[in-house]
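Below: one structure, written as structure tokens.
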Amino acid sequence: MSSTPFPGPQIPTLVQHVLARIDLGQLNPGDLLDEAELSETYGVSRTPVREAILYLEALGLVRRLPRKGATIFRPTLEEFLAILEVHAKLEGQAAGLAARRLSRQGAADLEAAVAACEAHARAQPDADPDGYYQHNLRFHECVAIASGNGVLLESLKTNARKLLAYYRARYRFAGAITRSASEHRAIARMITDRDSAGAEAAMQAHVQFDQVTAMDLIAALS
């Protein structure tokens, strides 16, 4: 999360629960955040629920709509492409820094993450996209941690959550899992070889969508 202070002692737990549901695909773009359900599920009053929603709105992860209530952020095509442009730059920067700052433990973690992606691609090349996506998240997390920049790491987390559902949906396309795992291996090799410029460029290309694919994914999740 960001360094913005939470407005009350119950808010961090509520926020983390909502973020976990976004990460796992249990909440998707446009889904309603039901105040009553959240209040009952987590045993709190409506006040901390509303404060948590306000906090998530400040991060850009929730939108409150007239007569509809709070929903998980669903971008327009223009917003999607704008967020993606920034996110690709941040991901590339993280990979470039990781190539310069990779520690022994960071290298081991990165290798384990890449190997998990490759194992899934071999065993289930076009199956269980949600399962593969969890491996994918771990790979990108390892790269971001290896960058050694906490501010960059938190910015990546928040930005990525606006696109998670679309990246997850990407792996439903035939060949996408195998291609992703192969690109992860190539990026990891550049990082371990201390090729900062190469790692940055490869990571930017890896996370980008072309406009046609972006339109297809937005339509599929509408």
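Just remember, in the structure tokens the first chain shown is A, the second B, etc., residues are 1-based per chain, and ligands are 1-based in the order shown.
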In stretch 35-220 of chain A, DSSP strand (DSSP E or B) residues written as a list in words: Val62, Arg63, Arg64, Leu65, Gly69, Ala70, Thr71 and Ile72 of chain A
Those in stretch 133-211 of chain A with helix (DSSP H, G or I) from DSSP, as a ChimeraX atom specification: /A:133-146,150-161,164-170,176-192,196-207,211
Within 6 Å of stretch 70-85 of chain A using only C-alpha atoms, minus same-chain residues under 5 positions, as a PDB file with all heavy atoms, in the first residue's frame:
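Saved result, selection.pdb, follows:
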```pdb
ATOM      1  N   PRO A  29     -13.402  -5.538 -12.448  1.00  0.00           N
ATOM      2  CA  PRO A  29     -13.828  -4.190 -12.833  1.00  0.00           C
ATOM      3  C   PRO A  29     -15.343  -4.078 -12.979  1.00  0.00           C
ATOM      4  O   PRO A  29     -15.975  -4.905 -13.640  1.00  0.00           O
ATOM      5  CB  PRO A  29     -13.125  -3.983 -14.176  1.00  0.00           C
ATOM      6  CG  PRO A  29     -11.900  -4.822 -14.080  1.00  0.00           C
ATOM      7  CD  PRO A  29     -12.308  -6.036 -13.307  1.00  0.00           C
ATOM      8  N   GLY A  30     -15.902  -3.065 -12.340  1.00  0.00           N
ATOM      9  CA  GLY A  30     -17.336  -2.840 -12.401  1.00  0.00           C
ATOM     10  C   GLY A  30     -18.125  -3.505 -11.303  1.00  0.00           C
ATOM     11  O   GLY A  30     -19.302  -3.205 -11.113  1.00  0.00           O
ATOM     12  N   ASP A  31     -17.509  -4.431 -10.552  1.00  0.00           N
ATOM     13  CA  ASP A  31     -18.216  -5.119  -9.468  1.00  0.00           C
ATOM     14  C   ASP A  31     -18.554  -4.141  -8.350  1.00  0.00           C
ATOM     15  O   ASP A  31     -17.750  -3.266  -7.999  1.00  0.00           O
ATOM     16  CB  ASP A  31     -17.376  -6.256  -8.889  1.00  0.00           C
ATOM     17  CG  ASP A  31     -17.346  -7.480  -9.781  1.00  0.00           C
ATOM     18  OD1 ASP A  31     -18.042  -7.472 -10.809  1.00  0.00           O
ATOM     19  OD2 ASP A  31     -16.613  -8.437  -9.450  1.00  0.00           O
ATOM     20  N   LEU A  32     -19.741  -4.325  -7.777  1.00  0.00           N
ATOM     21  CA  LEU A  32     -20.198  -3.472  -6.693  1.00  0.00           C
ATOM     22  C   LEU A  32     -19.534  -3.856  -5.377  1.00  0.00           C
ATOM     23  O   LEU A  32     -19.400  -5.042  -5.057  1.00  0.00           O
ATOM     24  CB  LEU A  32     -21.715  -3.599  -6.537  1.00  0.00           C
ATOM     25  CG  LEU A  32     -22.381  -2.757  -5.437  1.00  0.00           C
ATOM     26  CD1 LEU A  32     -22.289  -1.277  -5.771  1.00  0.00           C
ATOM     27  CD2 LEU A  32     -23.833  -3.199  -5.258  1.00  0.00           C
ATOM     28  N   LEU A  33     -19.086  -2.861  -4.618  1.00  0.00           N
ATOM     29  CA  LEU A  33     -18.621  -3.081  -3.252  1.00  0.00           C
ATOM     30  C   LEU A  33     -19.816  -2.864  -2.327  1.00  0.00           C
ATOM     31  O   LEU A  33     -20.199  -1.724  -2.055  1.00  0.00           O
ATOM     32  CB  LEU A  33     -17.482  -2.120  -2.906  1.00  0.00           C
ATOM     33  CG  LEU A  33     -16.083  -2.515  -3.339  1.00  0.00           C
ATOM     34  CD1 LEU A  33     -15.095  -1.420  -2.944  1.00  0.00           C
ATOM     35  CD2 LEU A  33     -15.654  -3.834  -2.727  1.00  0.00           C
ATOM     36  N   LEU A  61      -8.655   2.905  -7.154  1.00  0.00           N
ATOM     37  CA  LEU A  61      -9.072   1.517  -7.335  1.00  0.00           C
ATOM     38  C   LEU A  61     -10.582   1.325  -7.241  1.00  0.00           C
ATOM     39  O   LEU A  61     -11.103   0.261  -7.574  1.00  0.00           O
ATOM     40  CB  LEU A  61      -8.391   0.622  -6.288  1.00  0.00           C
ATOM     41  CG  LEU A  61      -6.866   0.579  -6.373  1.00  0.00           C
ATOM     42  CD1 LEU A  61      -6.294  -0.184  -5.190  1.00  0.00           C
ATOM     43  CD2 LEU A  61      -6.417  -0.059  -7.683  1.00  0.00           C
ATOM     44  N   VAL A  62     -11.274   2.350  -6.779  1.00  0.00           N
ATOM     45  CA  VAL A  62     -12.725   2.293  -6.609  1.00  0.00           C
ATOM     46  C   VAL A  62     -13.322   3.587  -7.160  1.00  0.00           C
ATOM     47  O   VAL A  62     -12.708   4.658  -7.054  1.00  0.00           O
ATOM     48  CB  VAL A  62     -13.098   2.117  -5.115  1.00  0.00           C
ATOM     49  CG1 VAL A  62     -14.567   2.425  -4.869  1.00  0.00           C
ATOM     50  CG2 VAL A  62     -12.778   0.708  -4.651  1.00  0.00           C
ATOM     51  N   ARG A  63     -14.499   3.462  -7.755  1.00  0.00           N
ATOM     52  CA  ARG A  63     -15.255   4.636  -8.191  1.00  0.00           C
ATOM     53  C   ARG A  63     -16.634   4.599  -7.544  1.00  0.00           C
ATOM     54  O   ARG A  63     -17.251   3.545  -7.459  1.00  0.00           O
ATOM     55  CB  ARG A  63     -15.420   4.641  -9.716  1.00  0.00           C
ATOM     56  CG  ARG A  63     -14.240   5.247 -10.432  1.00  0.00           C
ATOM     57  CD  ARG A  63     -14.472   5.317 -11.918  1.00  0.00           C
ATOM     58  NE  ARG A  63     -13.414   6.057 -12.584  1.00  0.00           N
ATOM     59  CZ  ARG A  63     -13.164   5.997 -13.885  1.00  0.00           C
ATOM     60  NH1 ARG A  63     -13.909   5.237 -14.666  1.00  0.00           N
ATOM     61  NH2 ARG A  63     -12.174   6.697 -14.418  1.00  0.00           N
ATOM     62  N   ARG A  64     -17.079   5.743  -7.081  1.00  0.00           N
ATOM     63  CA  ARG A  64     -18.436   5.843  -6.564  1.00  0.00           C
ATOM     64  C   ARG A  64     -19.300   6.496  -7.640  1.00  0.00           C
ATOM     65  O   ARG A  64     -18.995   7.592  -8.107  1.00  0.00           O
ATOM     66  CB  ARG A  64     -18.463   6.647  -5.270  1.00  0.00           C
ATOM     67  CG  ARG A  64     -17.869   5.885  -4.086  1.00  0.00           C
ATOM     68  CD  ARG A  64     -18.002   6.663  -2.805  1.00  0.00           C
ATOM     69  NE  ARG A  64     -17.227   7.900  -2.867  1.00  0.00           N
ATOM     70  CZ  ARG A  64     -17.398   8.926  -2.035  1.00  0.00           C
ATOM     71  NH1 ARG A  64     -18.326   8.867  -1.103  1.00  0.00           N
ATOM     72  NH2 ARG A  64     -16.641  10.012  -2.146  1.00  0.00           N
TER      73      ARG A  64
END
```
Contacts of A:Ala220 at 10 Å (only C-alpha atoms; same-chain gap of 5+ positions) as a ChimeraX atom specification: /A:166,169,214-215
Surrounding residues of A:Val18 excluding itself and chain neighbours under 4 positions, 12 Å, only C-alpha atoms, as a PyMOL selection string: chain A and resi 11-14+22-28+31-35+37-38+41-42+49+52-53+55-56+61-62+71-72+161
A:Thr158 environment, 10 Å, only C-alpha atoms, sequence neighbours closer than 3 positions dropped, as a PyMOL selection string: chain A and resi 1-2+19+56+59-61+87+153-155+161-163
I need the residues from that last selection saved to file as a tab-separated table (two decimals), in the first residue's frame (with C-alpha atoms), if you can.
```tsv
chain	number	residue	atom	x	y	z
A	1	MET	CA	0.00	0.00	0.00
A	2	SER	CA	0.94	3.65	-0.24
A	19	LEU	CA	-7.16	-5.82	-2.21
A	56	LEU	CA	-9.52	2.86	-2.06
A	59	LEU	CA	-5.91	5.23	-4.71
A	60	GLY	CA	-7.95	5.11	-7.92
A	61	LEU	CA	-9.07	1.52	-7.33
A	87	HIS	CA	2.66	0.95	-15.93
A	153	LEU	CA	7.29	-1.15	-5.60
A	154	GLU	CA	4.21	0.45	-4.03
A	155	SER	CA	3.45	2.46	-7.17
A	161	ARG	CA	-4.35	-3.57	-9.56
A	162	LYS	CA	-6.15	-1.31	-12.04
A	163	LEU	CA	-5.15	-3.74	-14.80
```
Long-range neighbours of A:Gln124 as a list of chain:residue names, 12 Å cut-off, only C-alpha atoms, 6 positions minimum in chain: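 Counting only the stated atoms, we get A:Ala116, A:Cys117, A:Glu118, A:Asp130, A:Gly131, A:Tyr132, A:Tyr171, A:Arg172, A:Ala174, A:Gly175, A:Ala176, A:Ile177, A:Thr178, A:Ala181.
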Atomic distance atom CA of A:Thr213 - atom CA of A:Leu164, expressed in Å with one decimal: 14.9 Å
Which of A:Gln204, A:Ser39, A:Ser180, A:Thr192 sits closest to A:Ala94 [using only C-alpha atoms]: A:Gln204
